[in-house]
Amino acid sequence: MRTQHILPVVCLIVLLTGCDNISESQSSQRRRLNIIVENGLYGYIDSSGKIVIEPQFHHAGDFSEGLCPVNVNGRYGYIDTTGTMVIELKFDLAKDFSSSLAHVNIGGVFGFIDTTGNIVIEPQFDDAWGFSGGLARVKKDGLFGYIDTSGDYVVEPRYEDAGRFAGGLASVKIGDKYGYIDTSGKIVIEPRFDFAWMFTEDMAYVKIGGKCGYIDKSGRIVIQPKFDKAWHFEGDYAVVCEGGSFGYINKKGDYVIKPKFEYAWQFSEGIASVKKNGLFGYINTKGNFVIKPQYEDAKIFIGGIALVKTDGKWAYIDTKGKFVYKQQK
């Protein structure tokens with residue numbers, strides 16, 4: 001989905017260093033750390049539900065490249081997977097590492113640090129995002145551009161809006177329309193869409209005349225705009241919404257699960273969270289419930305567990321619906 005924020009718990013379950021290309025085996029799952037919140041303090045458990053880092057931080061993010069941004073008394077630093085503070089609390093805001101760099105805020109402007117905490121790109125941007133495809137999106141004087149890992153502009157700030165690079169292309173807004181540029185800044189798909197999202201599975205969803213459809217990397221429409229809402233493809237399926245109901249399509253644009261849910265998340269590890277009659281449960285790729293609707297909220301499975309909300313508290317369950325961890329307070 002386009003947004004995956006949860007209050008008060010961050011839902012993402014993240015990979016540690018060296019796991020990016022490892023399959024979902026038991027060994028890779030043991031390397032994951034999952035955020036918990038107890039008494040307003042953030043800590044981490046492993047996929048078995050064992051507390052690995054005791055709740056002690058006022059806020060905490062996701063692990064990336066073995067490090068995680070944490071907040072203590074309003075200042076940000078980074079911990080390693082043992083919970084040891086390896087980059088001191090000295091930033092106003094700190095984000096994830098990508099390409100061995102993380103964007104941090106110092107005095108109201110963003111720059112980038114390396115994994116030792118040294119500033120390698122001086123704080124100068126109004127806003128910044130992580131690296132993708134060797135480039136990072138930055139905002140300067142209200143306009144978006146892209147820098148390389150040296151901090152040099154590859155694409156000068158000139159766009160009113162811009163997305164992250166994926167598959168060598170990024171969406172940009174020129175005037176009141178969106179198109180796509182390549183990593184040199186050359187326009188490769190002319191601006192003609194009301195909105196455009198990043199490419200996944202060589203397809204991107206776009207909005208034309210109030211309806212969402214999908215294009216390929218040549219800009220050709222491959223699934224006609226007919227959906228009220230749409231999300232990017234994850235594997236073979238994408239979530240779409242028509243008439244207020246959510247379902248799933250394949251890459252031909254055909255429904256594999258007809259719209260019948262009040263909300264739906266993407267498939268992950270063969271199952272997806274959906275909302276039916278006011279409660280969330282999980283379905284398989286045939287649309288059959290494998291965990292009946294019973295939760296107030298439910299997120300995607302990553303590493304064999306998923307975050308759910310029950311009785312006003314957050315918990316983690318396994319793929320059979322068994323609790324592996326319950327929030328205590």
# chains A, B, ... in the order shown; residues from 1 in each chain; ligands from 1

$ select_by_dssp --residues "segment 15-215 of chain A" --states "helix (DSSP H, G or I)" --output "ChimeraX atom specification"
/A:26-30

$ write_last_selection --atoms "N, CA and C atoms" --output "PDB file, in the first residue's frame"
ATOM      1  N   GLN A  26      13.792 -20.382   7.670  1.00  0.00           N
ATOM      2  CA  GLN A  26      13.824 -20.209   9.104  1.00  0.00           C
ATOM      3  C   GLN A  26      15.026 -19.377   9.512  1.00  0.00           C
ATOM      4  N   SER A  27      16.161 -19.589   8.867  1.00  0.00           N
ATOM      5  CA  SER A  27      17.360 -18.859   9.256  1.00  0.00           C
ATOM      6  C   SER A  27      17.212 -17.374   8.999  1.00  0.00           C
ATOM      7  N   SER A  28      16.603 -16.992   7.855  1.00  0.00           N
ATOM      8  CA  SER A  28      16.444 -15.568   7.573  1.00  0.00           C
ATOM      9  C   SER A  28      15.431 -14.947   8.509  1.00  0.00           C
ATOM     10  N   GLN A  29      14.382 -15.703   8.863  1.00  0.00           N
ATOM     11  CA  GLN A  29      13.376 -15.167   9.767  1.00  0.00           C
ATOM     12  C   GLN A  29      13.972 -14.860  11.134  1.00  0.00           C
ATOM     13  N   ARG A  30      14.946 -15.663  11.589  1.00  0.00           N
ATOM     14  CA  ARG A  30      15.542 -15.424  12.886  1.00  0.00           C
ATOM     15  C   ARG A  30      16.356 -14.141  12.895  1.00  0.00           C
TER      16      ARG A  30
END

$ residues_around --residues "segment 246-258 of chain A" --least-positions-apart "3" --cutoff "7 Å" --atoms "only C-alpha atoms" --output "PyMOL selection string"
chain A and resi 223+236-242+261-264+286-287

$ atom_distance --atom1 "atom CA of Phe193 of chain A" --atom2 "atom CA of Ile208 of chain A"
5.6 Å

$ select_by_dssp --residues "segment 92-326 of chain A" --states "strand (DSSP E)" --output "ChimeraX atom specification"
/A:93-98,101-106,109-113,119-125,127-132,135-140,143-147,153-159,161-162,169-174,177-182,187-193,195-196,204-208,211-215,221-227,229-230,238-242,245-249,255-261,263-264,271-276,279-284,289-295,297-298,305-310,313-318,323-326

$ residues_around --residues "segment 73-83 of chain A" --least-positions-apart "2" --cutoff "9 Å" --atoms "only C-alpha atoms" --output "ChimeraX atom specification"
/A:16,33,43-44,52-54,57-59,63,66-71,85-94,104,117

$ atom_distance --atom1 "atom CA of Ile147 of chain A" --atom2 "atom CA of Met198 of chain A"
18.0 Å

$ decode --residues "segment 149-181 of chain A" --atoms "N, CA and C atoms" --output "mmCIF file, in the first residue's frame"
data_model
loop_
_atom_site.group_PDB
_atom_site.id
_atom_site.type_symbol
_atom_site.label_atom_id
_atom_site.label_comp_id
_atom_site.auth_asym_id
_atom_site.auth_seq_id
_atom_site.Cartn_x
_atom_site.Cartn_y
_atom_site.Cartn_z
ATOM 1 N N THR A 149 25.451 9.497 -4.588
ATOM 2 C CA THR A 149 25.986 9.230 -3.258
ATOM 3 C C THR A 149 27.131 10.163 -2.869
ATOM 4 N N SER A 150 27.610 10.954 -3.820
ATOM 5 C CA SER A 150 28.620 11.972 -3.498
ATOM 6 C C SER A 150 27.976 13.294 -3.100
ATOM 7 N N GLY A 151 26.667 13.379 -3.282
ATOM 8 C CA GLY A 151 25.950 14.609 -2.975
ATOM 9 C C GLY A 151 25.826 15.548 -4.150
ATOM 10 N N ASP A 152 26.327 15.121 -5.309
ATOM 11 C CA ASP A 152 26.232 15.953 -6.510
ATOM 12 C C ASP A 152 24.862 15.790 -7.162
ATOM 13 N N TYR A 153 24.356 16.894 -7.692
ATOM 14 C CA TYR A 153 23.078 16.816 -8.399
ATOM 15 C C TYR A 153 23.243 16.076 -9.721
ATOM 16 N N VAL A 154 22.430 15.059 -9.899
ATOM 17 C CA VAL A 154 22.314 14.382 -11.191
ATOM 18 C C VAL A 154 21.137 14.987 -11.955
ATOM 19 N N VAL A 155 20.110 15.329 -11.200
ATOM 20 C CA VAL A 155 18.956 16.040 -11.746
ATOM 21 C C VAL A 155 18.707 17.241 -10.834
ATOM 22 N N GLU A 156 18.909 18.430 -11.350
ATOM 23 C CA GLU A 156 18.736 19.642 -10.559
ATOM 24 C C GLU A 156 17.292 19.762 -10.066
ATOM 25 N N PRO A 157 17.070 20.363 -8.887
ATOM 26 C CA PRO A 157 15.701 20.562 -8.399
ATOM 27 C C PRO A 157 14.896 21.454 -9.344
ATOM 28 N N ARG A 158 13.900 20.852 -9.970
ATOM 29 C CA ARG A 158 13.059 21.627 -10.890
ATOM 30 C C ARG A 158 11.637 21.098 -10.988
ATOM 31 N N TYR A 159 11.335 20.060 -10.212
ATOM 32 C CA TYR A 159 10.011 19.446 -10.307
ATOM 33 C C TYR A 159 9.153 19.789 -9.092
ATOM 34 N N GLU A 160 7.864 19.976 -9.347
ATOM 35 C CA GLU A 160 6.917 20.287 -8.271
ATOM 36 C C GLU A 160 6.663 19.084 -7.380
ATOM 37 N N ASP A 161 6.806 17.897 -7.937
ATOM 38 C CA ASP A 161 6.659 16.658 -7.183
ATOM 39 C C ASP A 161 7.490 15.601 -7.891
ATOM 40 N N ALA A 162 7.937 14.606 -7.158
ATOM 41 C CA ALA A 162 8.758 13.556 -7.757
ATOM 42 C C ALA A 162 8.719 12.319 -6.886
ATOM 43 N N GLY A 163 8.856 11.152 -7.519
ATOM 44 C CA GLY A 163 8.858 9.889 -6.806
ATOM 45 C C GLY A 163 10.251 9.287 -6.761
ATOM 46 N N ARG A 164 10.351 8.123 -6.150
ATOM 47 C CA ARG A 164 11.631 7.433 -6.065
ATOM 48 C C ARG A 164 11.900 6.671 -7.350
ATOM 49 N N PHE A 165 13.171 6.442 -7.643
ATOM 50 C CA PHE A 165 13.526 5.636 -8.803
ATOM 51 C C PHE A 165 13.271 4.162 -8.531
ATOM 52 N N ALA A 166 12.675 3.508 -9.499
ATOM 53 C CA ALA A 166 12.426 2.067 -9.439
ATOM 54 C C ALA A 166 12.453 1.563 -10.872
ATOM 55 N N GLY A 167 13.273 0.565 -11.116
ATOM 56 C CA GLY A 167 13.389 0.062 -12.481
ATOM 57 C C GLY A 167 13.989 1.083 -13.427
ATOM 58 N N GLY A 168 14.787 2.013 -12.897
ATOM 59 C CA GLY A 168 15.443 3.010 -13.741
ATOM 60 C C GLY A 168 14.605 4.208 -14.099
ATOM 61 N N LEU A 169 13.366 4.274 -13.588
ATOM 62 C CA LEU A 169 12.473 5.392 -13.897
ATOM 63 C C LEU A 169 11.887 5.978 -12.619
ATOM 64 N N ALA A 170 11.560 7.263 -12.683
ATOM 65 C CA ALA A 170 10.908 7.938 -11.565
ATOM 66 C C ALA A 170 9.823 8.850 -12.103
ATOM 67 N N SER A 171 8.720 8.921 -11.384
ATOM 68 C CA SER A 171 7.632 9.813 -11.784
ATOM 69 C C SER A 171 7.942 11.234 -11.338
ATOM 70 N N VAL A 172 7.623 12.206 -12.189
ATOM 71 C CA VAL A 172 7.825 13.616 -11.869
ATOM 72 C C VAL A 172 6.606 14.407 -12.340
ATOM 73 N N LYS A 173 6.371 15.523 -11.660
ATOM 74 C CA LYS A 173 5.248 16.386 -12.018
ATOM 75 C C LYS A 173 5.774 17.631 -12.718
ATOM 76 N N ILE A 174 5.239 17.848 -13.912
ATOM 77 C CA ILE A 174 5.587 19.034 -14.695
ATOM 78 C C ILE A 174 4.284 19.750 -15.031
ATOM 79 N N GLY A 175 4.128 20.951 -14.509
ATOM 80 C CA GLY A 175 2.838 21.621 -14.648
ATOM 81 C C GLY A 175 1.813 20.893 -13.801
ATOM 82 N N ASP A 176 0.731 20.493 -14.417
ATOM 83 C CA ASP A 176 -0.292 19.760 -13.671
ATOM 84 C C ASP A 176 -0.367 18.295 -14.071
ATOM 85 N N LYS A 177 0.664 17.778 -14.753
ATOM 86 C CA LYS A 177 0.666 16.387 -15.201
ATOM 87 C C LYS A 177 1.936 15.666 -14.757
ATOM 88 N N TYR A 178 1.820 14.350 -14.660
ATOM 89 C CA TYR A 178 2.948 13.502 -14.292
ATOM 90 C C TYR A 178 3.455 12.711 -15.489
ATOM 91 N N GLY A 179 4.770 12.575 -15.546
ATOM 92 C CA GLY A 179 5.414 11.704 -16.516
ATOM 93 C C GLY A 179 6.566 10.997 -15.836
ATOM 94 N N TYR A 180 7.515 10.470 -16.617
ATOM 95 C CA TYR A 180 8.638 9.724 -16.046
ATOM 96 C C TYR A 180 9.958 10.167 -16.666
ATOM 97 N N ILE A 181 10.993 10.194 -15.814
ATOM 98 C CA ILE A 181 12.343 10.476 -16.277
ATOM 99 C C ILE A 181 13.230 9.262 -16.027
#
